[in-house]
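Colleague: Take a look at the following structure, please.
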Amino acid sequence: MPARLRRRRRHAPTGRPSVAVIGTRGYPSYYGGFETAVRRIAPALVDAGWDVTVYGRDGSTRDDDPARDRRVTSRLTKGVESKSLSTLSYGLTAVLDALVRRPDAALVMNVANGFWLPLLRLRGIPVLVNVDGIEWERAKWGRAAKTVFRLGAKASARFANGLICDAREIVRRWQADFGVDGLFIPYGGDPVRDLPVEPGQRHRGYALVVARFVPENTVVEFVEAARAIAERHDVVIVGSTGYGGELDELVRGLADEDDRVTWLGHVSDDDRLHALWQHAGAYFHGHSVGGTNPALVQAMFAGAPVVARDTVYNREVLDGAGVLVAPEPAAIAAAVTALLDDPAEQQRLSEAALARAADAYTWRSVCDAYEEALRATLPRSR
């Protein structure tokens, strides 16, 4: 049976096609890449003629958020708050509620929810699944979680009407691993207006890293590199694990012992984060798994000169508009320091990143692609 539900707002029947968005923390939420995407996609779908319902979790959204579009319906379901069960449990309760309401289509985020796709299929609801990255290769997950993601991916490949991949390399991996094609739709970013420099810093005078503190984001290697970078330049670190632990203590210890290193923790203010990217002398992007990373795209829109871990995903996104390095402290320190010492190269990379972002990663093109993909799932009579 569906969990007890709280209802925020309901549209009267309109004759418009309806879509349920399942698998995020809700709307509007600021937790991660999926939530960032839904904040833009949901209102754009309303503009394009859809009734949109986004399922979420209690405590992850705010009714008084000024960025909230009241035309988007938000529904909260219950689930189990744990690292291993939250996605599965909240996904199930959202799907059960959607079965009752029977939208014309569903947009499901995260292949862990692939287990519930047969229920939607039996109800005649066509489904698009955003597969995210190759979750079963992430170091942060244990063996059981990796198995769940792999099995969920197999279910998604079998039961989804279509798969959305946010990088061309993810499309290739799904073809190779599961024998199915995916539709390439990346994440987008926003142009950044001129913003003030962070107090205590100077334009192009500091190295910056923005990352959730997990092993695959090269946090430990950057901390070691920061010790060398901070001999001559300031270093600003944004991020945390979200729950405390060894990586937080490692960064806190570095900031306490070196006056040139500043740890800001998690920054939820978009303007502040955009300003940090806009004025950085070198932004290190250490994400190693996933596809198109929203933070990298937004850093490019801010004109940050980028030094990135050399991965197939980062190469695809940057397409020459950044410096690629091996995930070793000495290599990271050398590349970041060289860029901080070279204003001409900073300017060149800043302009290249802006041009690449504007050409390939606008939210307008992303939202249009989602709307076209969803409309293609509808019966012709609809």
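A note on labels: chains of the structure tokens are A, B, ... as shown, every chain counts residues from 1, and ligands are counted from 1 in their shown order.
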If we count only C-alpha atoms, what is near range 184-187 of chain A at a cut-off of 9 Å, once residues fewer than 3 positions away on the same chain are taken out, given as a list in words?

Modeller: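 Answer for this query is Gly33, Thr36, Ala37, Leu163, Ile164, Cys165, Asp166, Ala167, Arg168, Ile170, Val171, Gly291, Thr292, Asn293, Pro294, Val297, Ala360, Tyr361, Thr362, Trp363, Ser365, Val366, Cys367, Ala369 and Tyr370 of chain A.
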
Colleague: For Arg150 in chain A, list every protein, DNA or RNA residue within 9 Å, evaluated using only C-alpha atoms, and leave out those in the same chain fewer than 5 positions away; present the list as a PDB file with N, CA and C atoms, in the first residue's frame.

Modeller:
ATOM      1  N   VAL A 111      19.066   4.674 -11.708  1.00  0.00           N
ATOM      2  CA  VAL A 111      18.760   3.302 -12.105  1.00  0.00           C
ATOM      3  C   VAL A 111      18.404   2.404 -10.923  1.00  0.00           C
ATOM      4  N   ALA A 112      18.688   2.828  -9.697  1.00  0.00           N
ATOM      5  CA  ALA A 112      18.254   2.025  -8.549  1.00  0.00           C
ATOM      6  C   ALA A 112      16.740   1.888  -8.529  1.00  0.00           C
ATOM      7  N   ILE A 134      27.960   5.665 -13.840  1.00  0.00           N
ATOM      8  CA  ILE A 134      28.148   4.223 -13.661  1.00  0.00           C
ATOM      9  C   ILE A 134      28.267   3.985 -12.164  1.00  0.00           C
ATOM     10  N   GLU A 135      27.103   3.978 -11.489  1.00  0.00           N
ATOM     11  CA  GLU A 135      27.073   3.995 -10.027  1.00  0.00           C
ATOM     12  C   GLU A 135      27.787   2.804  -9.407  1.00  0.00           C
ATOM     13  N   TRP A 136      27.755   1.651 -10.067  1.00  0.00           N
ATOM     14  CA  TRP A 136      28.363   0.462  -9.482  1.00  0.00           C
ATOM     15  C   TRP A 136      29.889   0.500  -9.537  1.00  0.00           C
ATOM     16  N   ALA A 145      25.575  -2.410  -2.259  1.00  0.00           N
ATOM     17  CA  ALA A 145      25.017  -1.278  -2.989  1.00  0.00           C
ATOM     18  C   ALA A 145      25.386  -1.338  -4.468  1.00  0.00           C
ATOM     19  N   ALA A 155      17.486  -3.821 -15.032  1.00  0.00           N
ATOM     20  CA  ALA A 155      16.022  -3.664 -15.087  1.00  0.00           C
ATOM     21  C   ALA A 155      15.643  -2.433 -15.902  1.00  0.00           C
TER      22      ALA A 155
END

Colleague: Tell me which protein, DNA and RNA residues are within 7 Å of range 303-315 of chain A, counting only C-alpha atoms, leaving out same-chain ones fewer than 6 positions away, and put them as a ChimeraX atom specification.

Modeller: /A:169,277-278,280-288,291-292,322-327,336,346,349-351,353-354

Colleague: Deliver the residues from the most recent selection as a file, using N, CA and C atoms, as a PDB file, in the first residue's frame.

Modeller:
ATOM      1  N   GLU A 169      29.906   9.266 -23.452  1.00  0.00           N
ATOM      2  CA  GLU A 169      30.601   8.077 -22.963  1.00  0.00           C
ATOM      3  C   GLU A 169      29.655   7.162 -22.201  1.00  0.00           C
ATOM      4  N   TRP A 277      33.970  30.649  -8.294  1.00  0.00           N
ATOM      5  CA  TRP A 277      34.439  30.155  -9.591  1.00  0.00           C
ATOM      6  C   TRP A 277      34.893  31.303 -10.483  1.00  0.00           C
ATOM      7  N   GLN A 278      34.115  32.378 -10.491  1.00  0.00           N
ATOM      8  CA  GLN A 278      34.390  33.486 -11.406  1.00  0.00           C
ATOM      9  C   GLN A 278      35.755  34.127 -11.145  1.00  0.00           C
ATOM     10  N   ALA A 280      38.371  32.637  -9.356  1.00  0.00           N
ATOM     11  CA  ALA A 280      39.462  31.699  -9.087  1.00  0.00           C
ATOM     12  C   ALA A 280      40.556  31.828 -10.136  1.00  0.00           C
ATOM     13  N   GLY A 281      41.786  31.630  -9.689  1.00  0.00           N
ATOM     14  CA  GLY A 281      42.907  31.594 -10.631  1.00  0.00           C
ATOM     15  C   GLY A 281      43.076  30.225 -11.242  1.00  0.00           C
ATOM     16  N   ALA A 282      42.640  29.199 -10.516  1.00  0.00           N
ATOM     17  CA  ALA A 282      42.667  27.823 -11.019  1.00  0.00           C
ATOM     18  C   ALA A 282      41.612  27.033 -10.250  1.00  0.00           C
ATOM     19  N   TYR A 283      40.680  26.441 -10.979  1.00  0.00           N
ATOM     20  CA  TYR A 283      39.664  25.584 -10.354  1.00  0.00           C
ATOM     21  C   TYR A 283      40.020  24.132 -10.632  1.00  0.00           C
ATOM     22  N   PHE A 284      40.246  23.355  -9.571  1.00  0.00           N
ATOM     23  CA  PHE A 284      40.554  21.943  -9.745  1.00  0.00           C
ATOM     24  C   PHE A 284      39.278  21.124  -9.667  1.00  0.00           C
ATOM     25  N   HIS A 285      39.023  20.351 -10.711  1.00  0.00           N
ATOM     26  CA  HIS A 285      37.844  19.479 -10.764  1.00  0.00           C
ATOM     27  C   HIS A 285      38.326  18.032 -10.758  1.00  0.00           C
ATOM     28  N   GLY A 286      38.108  17.357  -9.616  1.00  0.00           N
ATOM     29  CA  GLY A 286      38.669  16.024  -9.449  1.00  0.00           C
ATOM     30  C   GLY A 286      37.700  14.886  -9.605  1.00  0.00           C
ATOM     31  N   HIS A 287      36.472  15.149 -10.058  1.00  0.00           N
ATOM     32  CA  HIS A 287      35.478  14.085 -10.189  1.00  0.00           C
ATOM     33  C   HIS A 287      35.939  13.070 -11.234  1.00  0.00           C
ATOM     34  N   SER A 288      35.872  11.794 -10.873  1.00  0.00           N
ATOM     35  CA  SER A 288      36.410  10.757 -11.748  1.00  0.00           C
ATOM     36  C   SER A 288      35.364   9.831 -12.325  1.00  0.00           C
ATOM     37  N   GLY A 291      29.074  11.277 -15.416  1.00  0.00           N
ATOM     38  CA  GLY A 291      29.132  11.722 -16.798  1.00  0.00           C
ATOM     39  C   GLY A 291      29.432  13.203 -16.846  1.00  0.00           C
ATOM     40  N   THR A 292      28.523  13.981 -17.433  1.00  0.00           N
ATOM     41  CA  THR A 292      28.660  15.434 -17.430  1.00  0.00           C
ATOM     42  C   THR A 292      28.394  15.932 -16.022  1.00  0.00           C
ATOM     43  N   GLY A 322      40.550  23.250 -21.014  1.00  0.00           N
ATOM     44  CA  GLY A 322      41.070  23.092 -19.664  1.00  0.00           C
ATOM     45  C   GLY A 322      42.328  22.260 -19.686  1.00  0.00           C
ATOM     46  N   VAL A 323      43.006  22.203 -18.544  1.00  0.00           N
ATOM     47  CA  VAL A 323      44.222  21.410 -18.380  1.00  0.00           C
ATOM     48  C   VAL A 323      43.837  20.088 -17.734  1.00  0.00           C
ATOM     49  N   LEU A 324      44.304  18.968 -18.279  1.00  0.00           N
ATOM     50  CA  LEU A 324      44.011  17.648 -17.729  1.00  0.00           C
ATOM     51  C   LEU A 324      45.262  17.085 -17.063  1.00  0.00           C
ATOM     52  N   VAL A 325      45.074  16.500 -15.867  1.00  0.00           N
ATOM     53  CA  VAL A 325      46.221  16.005 -15.097  1.00  0.00           C
ATOM     54  C   VAL A 325      45.925  14.619 -14.541  1.00  0.00           C
ATOM     55  N   ALA A 326      46.975  13.907 -14.212  1.00  0.00           N
ATOM     56  CA  ALA A 326      46.847  12.615 -13.540  1.00  0.00           C
ATOM     57  C   ALA A 326      46.436  12.856 -12.086  1.00  0.00           C
ATOM     58  N   PRO A 327      45.751  11.893 -11.459  1.00  0.00           N
ATOM     59  CA  PRO A 327      45.279  12.067 -10.083  1.00  0.00           C
ATOM     60  C   PRO A 327      46.371  11.815  -9.047  1.00  0.00           C
ATOM     61  N   VAL A 336      48.302  23.264 -11.127  1.00  0.00           N
ATOM     62  CA  VAL A 336      47.581  24.383 -10.508  1.00  0.00           C
ATOM     63  C   VAL A 336      48.522  25.566 -10.276  1.00  0.00           C
ATOM     64  N   GLN A 346      45.489  31.902 -17.824  1.00  0.00           N
ATOM     65  CA  GLN A 346      44.222  31.986 -17.099  1.00  0.00           C
ATOM     66  C   GLN A 346      43.144  32.614 -17.977  1.00  0.00           C
ATOM     67  N   LEU A 349      42.121  30.207 -20.931  1.00  0.00           N
ATOM     68  CA  LEU A 349      41.285  29.086 -20.500  1.00  0.00           C
ATOM     69  C   LEU A 349      39.901  29.558 -20.050  1.00  0.00           C
ATOM     70  N   SER A 350      39.858  30.746 -19.428  1.00  0.00           N
ATOM     71  CA  SER A 350      38.573  31.296 -19.015  1.00  0.00           C
ATOM     72  C   SER A 350      37.674  31.532 -20.228  1.00  0.00           C
ATOM     73  N   GLU A 351      38.210  32.138 -21.254  1.00  0.00           N
ATOM     74  CA  GLU A 351      37.434  32.412 -22.467  1.00  0.00           C
ATOM     75  C   GLU A 351      37.045  31.116 -23.174  1.00  0.00           C
ATOM     76  N   ALA A 353      36.572  28.150 -21.776  1.00  0.00           N
ATOM     77  CA  ALA A 353      35.547  27.469 -20.990  1.00  0.00           C
ATOM     78  C   ALA A 353      34.176  28.109 -21.208  1.00  0.00           C
ATOM     79  N   LEU A 354      34.139  29.428 -21.210  1.00  0.00           N
ATOM     80  CA  LEU A 354      32.880  30.133 -21.451  1.00  0.00           C
ATOM     81  C   LEU A 354      32.305  29.795 -22.824  1.00  0.00           C
TER      82      LEU A 354
END

Colleague: Using only C-alpha atoms, which of the listed residues (A:Ala98, A:Leu119, A:Ala226, A:Val148) sits closest to Ala331 in chain A?

Modeller: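 Closest residue, counting only C-alpha atoms: A:Ala226.
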
Colleague: Pick the closest to Asp234 in chain A from A:Glu137, A:Asp269, A:Glu35, A:Asp258: which is it, counting only C-alpha atoms?

Modeller: A:Asp258

Colleague: What lies within 12 Å of Ala153 in chain A using only C-alpha atoms, ignoring chain neighbours under 2 positions off, as a VMD selection string?

Modeller: chain A and resid 109 to 117 129 to 136 146 to 151 155 to 160 163 173 to 174 177 to 180

Colleague: How about saving the chosen residues, N, CA, C and O atoms kept, as a tab-separated table (two decimals), in the first residue's frame?

Modeller:
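So the final result, stored in selection-v9.tsv, reads:
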chain	number	residue	atom	x	y	z
A	109	MET	N	14.61	9.22	-12.22
A	109	MET	CA	16.02	9.53	-12.06
A	109	MET	C	16.67	8.45	-11.19
A	109	MET	O	16.15	8.12	-10.12
A	110	ASN	N	17.77	7.88	-11.68
A	110	ASN	CA	18.56	6.91	-10.93
A	110	ASN	C	18.12	5.48	-11.25
A	110	ASN	O	16.98	5.10	-11.02
A	111	VAL	N	19.07	4.67	-11.71
A	111	VAL	CA	18.76	3.30	-12.10
A	111	VAL	C	18.40	2.40	-10.92
A	111	VAL	O	17.85	1.31	-11.12
A	112	ALA	N	18.69	2.83	-9.70
A	112	ALA	CA	18.25	2.03	-8.55
A	112	ALA	C	16.74	1.89	-8.53
A	112	ALA	O	16.20	0.92	-7.99
A	113	ASN	N	16.05	2.84	-9.12
A	113	ASN	CA	14.59	2.76	-9.21
A	113	ASN	C	14.12	1.87	-10.36
A	113	ASN	O	12.92	1.73	-10.59
A	114	GLY	N	15.07	1.27	-11.08
A	114	GLY	CA	14.71	0.38	-12.17
A	114	GLY	C	13.91	-0.83	-11.72
A	114	GLY	O	13.15	-1.41	-12.51
A	115	PHE	N	14.06	-1.21	-10.45
A	115	PHE	CA	13.30	-2.35	-9.93
A	115	PHE	C	11.79	-2.12	-10.01
A	115	PHE	O	11.01	-3.08	-10.07
A	116	TRP	N	11.37	-0.85	-9.95
A	116	TRP	CA	9.94	-0.54	-9.89
A	116	TRP	C	9.34	-0.26	-11.26
A	116	TRP	O	8.13	-0.03	-11.37
A	117	LEU	N	10.15	-0.29	-12.31
A	117	LEU	CA	9.63	0.04	-13.64
A	117	LEU	C	8.57	-0.94	-14.14
A	117	LEU	O	7.62	-0.50	-14.83
A	129	VAL	N	14.18	6.98	-18.23
A	129	VAL	CA	15.07	6.87	-17.07
A	129	VAL	C	16.36	7.63	-17.34
A	129	VAL	O	17.04	7.37	-18.34
A	130	ASN	N	16.68	8.58	-16.47
A	130	ASN	CA	18.01	9.20	-16.48
A	130	ASN	C	18.92	8.26	-15.69
A	130	ASN	O	18.75	8.09	-14.49
A	131	VAL	N	19.89	7.66	-16.39
A	131	VAL	CA	20.69	6.59	-15.77
A	131	VAL	C	21.79	7.12	-14.86
A	131	VAL	O	22.43	6.34	-14.15
A	132	ASP	N	22.05	8.41	-14.87
A	132	ASP	CA	23.13	9.01	-14.08
A	132	ASP	C	24.46	8.44	-14.55
A	132	ASP	O	24.64	8.15	-15.72
A	133	GLY	N	25.40	8.25	-13.61
A	133	GLY	CA	26.71	7.71	-13.98
A	133	GLY	C	26.75	6.20	-13.85
A	133	GLY	O	25.73	5.52	-13.75
A	134	ILE	N	27.96	5.66	-13.84
A	134	ILE	CA	28.15	4.22	-13.66
A	134	ILE	C	28.27	3.99	-12.16
A	134	ILE	O	29.35	3.86	-11.60
A	135	GLU	N	27.10	3.98	-11.49
A	135	GLU	CA	27.07	3.99	-10.03
A	135	GLU	C	27.79	2.80	-9.41
A	135	GLU	O	28.35	2.91	-8.32
A	136	TRP	N	27.75	1.65	-10.07
A	136	TRP	CA	28.36	0.46	-9.48
A	136	TRP	C	29.89	0.50	-9.54
A	136	TRP	O	30.54	-0.42	-9.08
A	146	LYS	N	26.63	-1.71	-4.76
A	146	LYS	CA	27.04	-1.82	-6.16
A	146	LYS	C	26.21	-2.87	-6.89
A	146	LYS	O	25.84	-2.69	-8.06
A	147	THR	N	25.91	-3.98	-6.20
A	147	THR	CA	25.08	-5.02	-6.81
A	147	THR	C	23.67	-4.50	-7.09
A	147	THR	O	23.09	-4.77	-8.15
A	148	VAL	N	23.12	-3.72	-6.15
A	148	VAL	CA	21.79	-3.15	-6.34
A	148	VAL	C	21.77	-2.24	-7.57
A	148	VAL	O	20.86	-2.31	-8.40
A	149	PHE	N	22.78	-1.39	-7.69
A	149	PHE	CA	22.82	-0.48	-8.83
A	149	PHE	C	22.96	-1.25	-10.15
A	149	PHE	O	22.32	-0.91	-11.15
A	150	ARG	N	23.78	-2.28	-10.14
A	150	ARG	CA	23.98	-3.06	-11.37
A	150	ARG	C	22.68	-3.76	-11.78
A	150	ARG	O	22.29	-3.75	-12.95
A	151	LEU	N	22.00	-4.36	-10.81
A	151	LEU	CA	20.73	-5.03	-11.12
A	151	LEU	C	19.66	-4.02	-11.52
A	151	LEU	O	18.84	-4.29	-12.41
A	155	ALA	N	17.49	-3.82	-15.03
A	155	ALA	CA	16.02	-3.66	-15.09
A	155	ALA	C	15.64	-2.43	-15.90
A	155	ALA	O	14.67	-2.45	-16.67
A	156	SER	N	16.41	-1.35	-15.73
A	156	SER	CA	16.13	-0.13	-16.50
A	156	SER	C	16.30	-0.39	-17.99
A	156	SER	O	15.50	0.07	-18.81
A	157	ALA	N	17.37	-1.11	-18.34
A	157	ALA	CA	17.63	-1.41	-19.75
A	157	ALA	C	16.50	-2.24	-20.34
A	157	ALA	O	16.15	-2.08	-21.52
A	158	ARG	N	15.88	-3.09	-19.54
A	158	ARG	CA	14.83	-3.97	-20.04
A	158	ARG	C	13.46	-3.32	-20.09
A	158	ARG	O	12.70	-3.52	-21.05
A	159	PHE	N	13.13	-2.53	-19.06
A	159	PHE	CA	11.74	-2.09	-18.92
A	159	PHE	C	11.49	-0.62	-19.25
A	159	PHE	O	10.33	-0.22	-19.40
A	160	ALA	N	12.50	0.20	-19.37
A	160	ALA	CA	12.28	1.61	-19.69
A	160	ALA	C	11.93	1.77	-21.16
A	160	ALA	O	12.39	1.02	-22.02
A	163	LEU	N	16.16	5.65	-22.41
A	163	LEU	CA	17.21	5.95	-21.44
A	163	LEU	C	17.87	7.28	-21.80
A	163	LEU	O	18.18	7.53	-22.96
A	173	ARG	N	28.86	3.24	-22.90
A	173	ARG	CA	28.93	2.20	-21.88
A	173	ARG	C	27.66	1.37	-21.84
A	173	ARG	O	27.70	0.15	-21.68
A	174	TRP	N	26.50	2.00	-21.97
A	174	TRP	CA	25.24	1.25	-21.93
A	174	TRP	C	25.09	0.38	-23.17
A	174	TRP	O	24.56	-0.72	-23.10
A	177	ASP	N	27.61	-2.52	-22.28
A	177	ASP	CA	27.30	-3.36	-21.13
A	177	ASP	C	25.93	-4.02	-21.21
A	177	ASP	O	25.75	-5.14	-20.72
A	178	PHE	N	24.96	-3.32	-21.81
A	178	PHE	CA	23.58	-3.82	-21.77
A	178	PHE	C	22.93	-3.96	-23.15
A	178	PHE	O	21.80	-4.41	-23.25
A	179	GLY	N	23.64	-3.53	-24.19
A	179	GLY	CA	23.12	-3.69	-25.54
A	179	GLY	C	21.94	-2.81	-25.87
A	179	GLY	O	21.13	-3.15	-26.74
A	180	VAL	N	21.82	-1.66	-25.21
A	180	VAL	CA	20.72	-0.74	-25.49
A	180	VAL	C	21.28	0.65	-25.79
A	180	VAL	O	22.34	1.03	-25.30

Colleague: Report as an MDAnalysis selection string all protein, DNA and RNA residues lying within 10 Å of range 209-220 of chain A, evaluated on only C-alpha atoms, omitting residues in the same chain fewer than 5 positions from it.

Modeller: chainID A and resid 32 137:140 225:226 235:242 244:248 250:251 263:267 273 276:277 280 282:290 295:296 299 307 309 327:329

Colleague: How would you write, as a ChimeraX atom specification, the set of residues in range 55-284 of chain A that DSSP gives as strand (DSSP E)?

Modeller: /A:55-57,73-77,105-109,127-130,162-165,183-184,206-210,234-238,261-265,282-284

Colleague: Could you work out how far CA of Asp359 in chain A lies from CA of Ala275 in chain A, giving the answer in Å with one decimal?

Modeller: 21.7 Å
